[in-house]
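K.L.:
Following this message is one structure expressed as structure tokens.
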Amino acid sequence: MAENIDNWASQGRKNIFGEKVEVTEMQSEAGAAGAVHGGCAAGSLVSTYTASQGLLLMIPNMFKIAGEMMPCVFHVTARAIAGQALSIFGDHTDVMTCRTTGFNMLSSHTVQEVCDMALIAHVASLKSSLPFMHFFDGFRTSHEIQKINVMSYEDIKAFAPMEAIQRHRERGLNPKQPHLRGTSQGPDVYFQCCEASNKYYNDVPAIVETIMREFESKFGRSYHLFDYYGDADAESVVVLMGAGAPVCEEAADYLRKQGKKVGVVKVHLFRPFSNKHLIEAIPKTVKHVTVLERTKEPGCLGEPLYLDVCAAFAESDRGMPKIVGGRYGLGSKDFTPAMAKAVYDNMLDGKFKNHFTVGIEDDVTFTSLPIGPEFDSIPEGTTQCMFWGLGSDGTVGANHDAIRIIGDNTPLFVQGYFAYDAHKSGGVTVSHLRFGSKPIKSVYLIKYADYVACHFQNYVQKYKLLSALKQGGTFVLNCAWTKEQLEQELPGSLKREIAKRQAKFYIINAAALAESVGLGRRINMVMQSVFFKLANVIPYERAVVLLKGAIQKTYGSKGQKIVDMNCKCVDESLAKLEEVSVPASWAEAPLEKIEHCAAPKFVTDLLWPSLAMEGNEIPVSKFQPGGIMPMGTTKFEKRGIAPELPIWDSDKCIQCNMCSFVCPHAAIRPFLADADETAKAPADFKMIPCKAKQGYNFRIQVAGYDCTGCKVCSTACPKGAITMKNSLNEMKREGANWEYAMTLPNRGHLFDRFTVVGSQYQQPLLEFSGACEGCNETAYIKLITQLFGERMVVANATGCSSIWGGTWGTIPYTVNSKGEGPAWGNSLFEDNAEYGLGMAKATGAARERLHNVAKAAIDLKISPELKKMLEEWVANWLNAEICEKIYHEIVPLLEKEKAAVPEVAELHNLRNLFPKLSQWIFGGDGWAYDIGYGGLDHVIAQGVNLNVVVLDTEMYSNTGGQKSKATPIGAVAKFAAAGNRRNKKELGLIAMQYGDVYVASISLQANYAHALKAIKEAESYDGSSLVICYAPCREQGFDISKSLEEAKQAVASGYWHLYRYDPRLIGQGKNPFQLDSSAPTVDLKQFLARENRYAMLMRTQKDVATELQDSLKVHTTERFEKLKKLAADVAVLKEGVAK
């Protein structure tokens, strides 16, 4: 929401007063709430937008704003709160946490209501002189596209309460009429002051109801504090808030046609809760009430709305109906008409199950309601379309355009909603589009589709693509197969579905067409053209004109070349489309035998059903409470998403292992085999003699089904020994070769792990993550796990690295053959440094205890072998290599002798602390430079032995590219749509001021050896270390397959500097600061032109861009000179540290 406002502001759009809107991005939501508080205190009109954890950070200021009776509105996309796991999806847990803040709370249930209630909330806030929270369902409402009526500025201005605005302004802090607020109060007056505002809250229901009537009079849309829908003499009603309300309306309509007397009460004003208005809204004939809530409060008597409804009836003069409550839709769990009907049936059948759940199978505490079959309650004449896409192939963006094209240029009503899995890129996306002549209030996923398109051919083996296709519907498959090959390639189950549903079946090789015009894997415009032709929602000729207009609007800022390529795809699409005559034999096609490899129970019972998009059917009993996950599950995913695979040419290979070193996904690795293993290898598993170790053969092998096809490895190879080839011909063979490679023992112990070559013989303990293809963050973390993984403890900030590193089910962190690997945890976004410090302090204290017990045990009656080993460990307990060796030898001795000596038993209990554990703190620049900077600064100032890695993409990559204080001047990012106007924070130089913090600025992609050396030095330093890693990101707007060249150019142009600051050198009389970058050899502007985040501003506002880039050039030049001086001026630096 705020991003849109920032874009509007940057384009010169003004508010109703003719003024430019000031949009300020703060370092955190706590900061945003503080700034809102300050703006209100000064008498300004201020608003903010937030959700979930961000809303929780605002709570302290919300109490202040409400206590000081300041009008403002917080718009909240209500979302889940991180507890046993993070969920970015929608429910009401966050807003329910704010009930005691004093904010009035107004709920919207549809996209149209969001528009309308936003205005009502602002007016009500001003008229009541109290703050409002306007909330609606995150994702299900916030991300739905609908055709709505929008008020004009003139009408909004006429509706605005100018007298109340002026009253608010006059209350602002001003030295010409000064007052003081925010005092400290004692027990004698505090209570009375709290109660003094009661009359203002008592007046709110009447104020809001009056505004709603005025709104109806002006805009024609009617709302009440509680809106009732259904029979006037209903006997059973459901009371609820949010996006579930329209679904209950559909179910009520279905039941009413069967003669059932039912209705729905939709709550708008939740706080203050008006008993009077609720009771008036519910028909007097009602005997049964169900309160549905999209939240859960563990241990409560009932969820908040349920308790309010019960209390409302208890305090009224009406008789008490039978009232039950239940939960639905947590974490955006889909809520369908069949589920809503189950809620009504619970009353109609006289069961009255209380405190129930609906939409899941709870076979542990048995709270769930039984759900009957789905039914079609969509208005007649509505066209429903589903698009199965591959994340980042452009499908979702193109469907956004399709919705807008049809909605803006026809009288049809439209709806779009987009379901994603949790992968950063390359995951499955399903777009749900509806078009019709009647309003669409079906806020749930499509159950009966007229049109289904599959944009990625591998999905035919993975998903039930046609489970929602209507009889006689249209199915379009993007594939590289010819019509003749379909007989062999399509699985029997899909053939049967096509035949059973009498589908009109079409195929097109959209990928080949997109590739031929230069769009790579972005097939969206090809498939959109096909959609407009076959779905026949609007005439195709008109659709083409509108589609090309949308292309210009969407891609114009990226350059005319991109526009032309997309238009060419549109023009050539239909010629490539082929209709397939479905053979009658497909109705009885042989079903394929499903074969799975051996896998843990978690994988078979939970992961595989979830990956097949059948997670909604998994019962509660299958899940482990508490959020603990098994390691190394991504190897069971086998996504098979690479359009091309890197194929090794043994004749050209020099065994440098650079391809493996840079691979972000650990999907290409070197393997060694002895003579016997070589003899047993598959015929295609070609090997050559290993140059580094005699007696072994060498091979570079790709994980065919796990590779993302990013091409980075092929650009790293200095001899051209890695060639990208079509995966259609290679995947099965390379997949089998990989499985054999996995049977070979790891021989990393034969090599020095702290060399480029040797590091890659170590097993990566991060593999096949869900990061974007070519992600440069993962390359750093993968390398760190190869160096220290068996003894790492990790605190990971929320962000990209926590999503690709810790998505439920698909865990890329794995273990070695001994079962050892990184122990990983995620707390929140803002507290990661503190979280890691807590881990380090706890581990340190526990090892101190072990050290003391070990020293005492040496003098006890123990075996000579154990005594010798304890003596060696006590003397070397801070030496990682010795500790690791002793750990594996001492555990069997402790097991053997623990029964005889209590102290040995305690040593056995503490056995996993014998290794020197290595504490790591991972996070992105949004965490380190912004929201978590205060904590990070405090933590590194403690001198505790821990290692901080900042993955610097120079923006908030995880949320789509908002600016952070790591964003350089001149770069375009969200909240910097007209170019960032400030220089980047010098995080490394700030940390150096402590004098005892190891600091490095590295670029793995630009200088392998430097990165390796800095990481080794950082971990070996007995104190805090900070390693800032340049991580080129696709959000920066360049071809990610060329990220190595991008990084090298960044260093060569002076855009990114390499350096190390090692405090240990001070004691040696040396300069601790070492500048490892040379003077720039590439013009900075030449580098900036490579990235769209700089180039797009040059295209749209050349004068502004030129000025900003000139400033950046001056800054980088001055910065290099400062670093040179720092590297040279030993005496001055030593004197400063001493002071």
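Ordering of the structure tokens sets the chain letters (A, B, ...); residue numbers start at 1 within each chain; ligands are numbered from 1 in the order shown.
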I'd like a table as JSON lines: residues in region 269-380 of chain A with an atom no more than 12 Å from region 410-424 of chain A, each row giving the shortest atom pair and its distance in Å to one decimal, only C-alpha atoms counted, sorted by chain and rising residue number.

P.N.:
{"residue": "A:Ser332", "atom": "CA", "partner": "A:Ala419", "partner_atom": "CA", "distance": 10.1}
{"residue": "A:Lys333", "atom": "CA", "partner": "A:Ala419", "partner_atom": "CA", "distance": 11.0}
{"residue": "A:Asp334", "atom": "CA", "partner": "A:Ala419", "partner_atom": "CA", "distance": 10.3}
{"residue": "A:Pro379", "atom": "CA", "partner": "A:Phe413", "partner_atom": "CA", "distance": 11.3}

K.L.:
Just all heavy atoms for this one: save the residues we selected as a tab-separated table (two decimals), in the first residue's frame.

P.N.:
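As a result, out.tsv now contains:
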chain	number	residue	atom	x	y	z
A	332	SER	N	-4.23	-18.12	6.08
A	332	SER	CA	-4.83	-18.08	4.74
A	332	SER	C	-5.33	-19.44	4.27
A	332	SER	O	-5.48	-19.66	3.07
A	332	SER	CB	-3.86	-17.51	3.70
A	332	SER	OG	-3.73	-16.12	3.82
A	333	LYS	N	-5.61	-20.35	5.18
A	333	LYS	CA	-6.24	-21.61	4.77
A	333	LYS	C	-7.53	-21.29	4.03
A	333	LYS	O	-8.35	-20.50	4.49
A	333	LYS	CB	-6.54	-22.46	6.00
A	333	LYS	CG	-7.24	-23.79	5.70
A	333	LYS	CD	-6.30	-24.82	5.17
A	333	LYS	CE	-5.39	-25.37	6.23
A	333	LYS	NZ	-4.48	-26.41	5.72
A	334	ASP	N	-7.68	-21.88	2.85
A	334	ASP	CA	-8.83	-21.57	2.01
A	334	ASP	C	-10.12	-21.93	2.74
A	334	ASP	O	-10.21	-22.96	3.42
A	334	ASP	CB	-8.74	-22.35	0.70
A	334	ASP	CG	-9.57	-21.73	-0.40
A	334	ASP	OD1	-9.79	-20.50	-0.38
A	334	ASP	OD2	-10.00	-22.47	-1.32
A	379	PRO	N	-22.16	-17.33	-9.57
A	379	PRO	CA	-23.24	-16.81	-10.42
A	379	PRO	C	-23.15	-17.37	-11.84
A	379	PRO	O	-22.05	-17.52	-12.40
A	379	PRO	CB	-22.99	-15.29	-10.42
A	379	PRO	CG	-22.25	-15.03	-9.14
A	379	PRO	CD	-21.42	-16.23	-8.90

K.L.:
Would you pick out the contacts of Arg982 (chain A) at 7 Å or less, using only C-alpha atoms, so that residues sharing its chain but fewer than 2 positions from it are not included, and give the list as a ChimeraX atom specification?

P.N.:
/A:968-969,980,984

K.L.:
Using DSSP on the backbone, list every residue of region 847-1043 of chain A that comes out as alpha helix (DSSP H), and give them as a PyMOL selection string.

P.N.:
chain A and resi 847-857+864-875+880-897+902-909+925+933-940+987-992+1008-1020+1043

K.L.:
Could you list, as a list in words, every residue within 7 Å of Phe136 (chain A), counting only C-alpha atoms and ignoring same-chain residues fewer than 4 positions away?

P.N.:
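Listing them by chain and then by number gives Val76, Thr77, Ala78, Ser107, Ser108, His109, Thr141 and Gly242 of chain A.
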
K.L.:
Would you mind listing what lies within 12 Å of Leu486 (chain A) as an MDAnalysis selection string, with only C-alpha atoms counted and same-chain residues fewer than 4 positions away left out?

P.N.:
chainID A and resid 457 460 477:482 490:492 494:495 505:507 580:583 586

K.L.:
With a distance cut-off of 8 Å and only C-alpha atoms, select the neighbouring residues of region 352-369 of chain A, excluding the residue or stretch itself and same-chain residues fewer than 6 positions from it, and output the selection as a PyMOL selection string.

P.N.:
chain A and resi 302+322+324-329+333-335+339+342-343+346+616-621

K.L.:
Given the choices A:Tyr190, A:Phe89, A:Phe435, A:Tyr555, which gets closest to Gly394 (chain A) if the distance is worked out from only C-alpha atoms?

P.N.:
A:Tyr555

K.L.:
I'd like the contact shell of region 990-995 of chain A - 7 Å cut-off, only C-alpha atoms, skipping same-chain residues fewer than 4 positions apart - returned as a list in words.

P.N.:
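Non-adjacent residues within range: Ala941, Glu986, Val999, Pro1063 and Val1137 of chain A.
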
K.L.:
For region 519-523 of chain A, find every residue with an atom within 7 Å (counting only C-alpha atoms), except residues of its own chain fewer than 3 positions away, and show them as JSON, numbers by chain.

P.N.:
{"A": [393, 394, 510, 511, 514, 515, 526, 527, 565]}

K.L.:
Put those residues in a file: all heavy atoms, as a PDB file, in the first residue's frame.

P.N.:
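Output contents, as saved in selection-v6.pdb:
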ATOM      1  N   ASP A 393       8.303 -16.983 -14.113  1.00  0.00           N
ATOM      2  CA  ASP A 393       8.135 -17.113 -15.563  1.00  0.00           C
ATOM      3  C   ASP A 393       7.219 -16.032 -16.135  1.00  0.00           C
ATOM      4  O   ASP A 393       6.977 -15.986 -17.338  1.00  0.00           O
ATOM      5  CB  ASP A 393       7.608 -18.502 -15.937  1.00  0.00           C
ATOM      6  CG  ASP A 393       6.156 -18.752 -15.502  1.00  0.00           C
ATOM      7  OD1 ASP A 393       5.556 -17.867 -14.846  1.00  0.00           O
ATOM      8  OD2 ASP A 393       5.623 -19.832 -15.810  1.00  0.00           O
ATOM      9  N   GLY A 394       6.721 -15.137 -15.276  1.00  0.00           N
ATOM     10  CA  GLY A 394       5.894 -14.028 -15.735  1.00  0.00           C
ATOM     11  C   GLY A 394       4.408 -14.306 -15.750  1.00  0.00           C
ATOM     12  O   GLY A 394       3.615 -13.429 -16.094  1.00  0.00           O
ATOM     13  N   ALA A 510       5.694 -22.675 -25.897  1.00  0.00           N
ATOM     14  CA  ALA A 510       5.853 -21.258 -25.576  1.00  0.00           C
ATOM     15  C   ALA A 510       7.296 -20.937 -25.205  1.00  0.00           C
ATOM     16  O   ALA A 510       7.793 -19.842 -25.488  1.00  0.00           O
ATOM     17  CB  ALA A 510       4.914 -20.873 -24.427  1.00  0.00           C
ATOM     18  N   ALA A 511       7.961 -21.890 -24.576  1.00  0.00           N
ATOM     19  CA  ALA A 511       9.340 -21.642 -24.158  1.00  0.00           C
ATOM     20  C   ALA A 511      10.242 -21.412 -25.366  1.00  0.00           C
ATOM     21  O   ALA A 511      11.105 -20.527 -25.361  1.00  0.00           O
ATOM     22  CB  ALA A 511       9.846 -22.814 -23.329  1.00  0.00           C
ATOM     23  N   ALA A 514       9.451 -17.911 -26.769  1.00  0.00           N
ATOM     24  CA  ALA A 514      10.008 -16.855 -25.920  1.00  0.00           C
ATOM     25  C   ALA A 514      11.522 -16.788 -26.065  1.00  0.00           C
ATOM     26  O   ALA A 514      12.113 -15.703 -26.147  1.00  0.00           O
ATOM     27  CB  ALA A 514       9.624 -17.101 -24.459  1.00  0.00           C
ATOM     28  N   GLU A 515      12.159 -17.939 -26.111  1.00  0.00           N
ATOM     29  CA  GLU A 515      13.609 -17.979 -26.267  1.00  0.00           C
ATOM     30  C   GLU A 515      14.034 -17.386 -27.610  1.00  0.00           C
ATOM     31  O   GLU A 515      15.030 -16.658 -27.706  1.00  0.00           O
ATOM     32  CB  GLU A 515      14.103 -19.427 -26.156  1.00  0.00           C
ATOM     33  CG  GLU A 515      15.605 -19.598 -26.167  1.00  0.00           C
ATOM     34  CD  GLU A 515      16.280 -19.128 -24.892  1.00  0.00           C
ATOM     35  OE1 GLU A 515      15.686 -19.291 -23.815  1.00  0.00           O
ATOM     36  OE2 GLU A 515      17.402 -18.585 -24.988  1.00  0.00           O
ATOM     37  N   VAL A 526       3.195 -15.181 -24.429  1.00  0.00           N
ATOM     38  CA  VAL A 526       2.735 -16.247 -25.325  1.00  0.00           C
ATOM     39  C   VAL A 526       1.462 -16.863 -24.764  1.00  0.00           C
ATOM     40  O   VAL A 526       0.445 -17.003 -25.454  1.00  0.00           O
ATOM     41  CB  VAL A 526       3.822 -17.332 -25.487  1.00  0.00           C
ATOM     42  CG1 VAL A 526       3.337 -18.423 -26.435  1.00  0.00           C
ATOM     43  CG2 VAL A 526       5.122 -16.731 -25.980  1.00  0.00           C
ATOM     44  N   MET A 527       1.501 -17.204 -23.503  1.00  0.00           N
ATOM     45  CA  MET A 527       0.360 -17.884 -22.899  1.00  0.00           C
ATOM     46  C   MET A 527      -0.829 -16.947 -22.708  1.00  0.00           C
ATOM     47  O   MET A 527      -1.988 -17.385 -22.750  1.00  0.00           O
ATOM     48  CB  MET A 527       0.778 -18.498 -21.566  1.00  0.00           C
ATOM     49  CG  MET A 527       1.904 -19.520 -21.675  1.00  0.00           C
ATOM     50  SD  MET A 527       1.581 -20.855 -22.855  1.00  0.00           S
ATOM     51  CE  MET A 527       0.279 -21.750 -22.036  1.00  0.00           C
ATOM     52  N   MET A 565      10.047  -7.155 -27.863  1.00  0.00           N
ATOM     53  CA  MET A 565      10.136  -8.608 -27.756  1.00  0.00           C
ATOM     54  C   MET A 565       8.819  -9.203 -27.275  1.00  0.00           C
ATOM     55  O   MET A 565       8.363 -10.244 -27.786  1.00  0.00           O
ATOM     56  CB  MET A 565      11.283  -8.999 -26.831  1.00  0.00           C
ATOM     57  CG  MET A 565      12.668  -8.777 -27.429  1.00  0.00           C
ATOM     58  SD  MET A 565      14.016  -9.514 -26.463  1.00  0.00           S
ATOM     59  CE  MET A 565      13.987  -8.514 -24.991  1.00  0.00           C
TER      60      MET A 565
END

K.L.:
CA of Met151 (chain A) and CA of Gln112 (chain A) are how many Å apart?

P.N.:
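Computing it gives 10.9 Å between the two atoms.
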
K.L.:
Report, in Å to a single decimal, how far apart CA of Gly1067 (chain A) and CA of Phe914 (chain A) are.

P.N.:
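Straight-line distance from CA of Phe914 (chain A) to CA of Gly1067 (chain A) works out to 29.7 Å.
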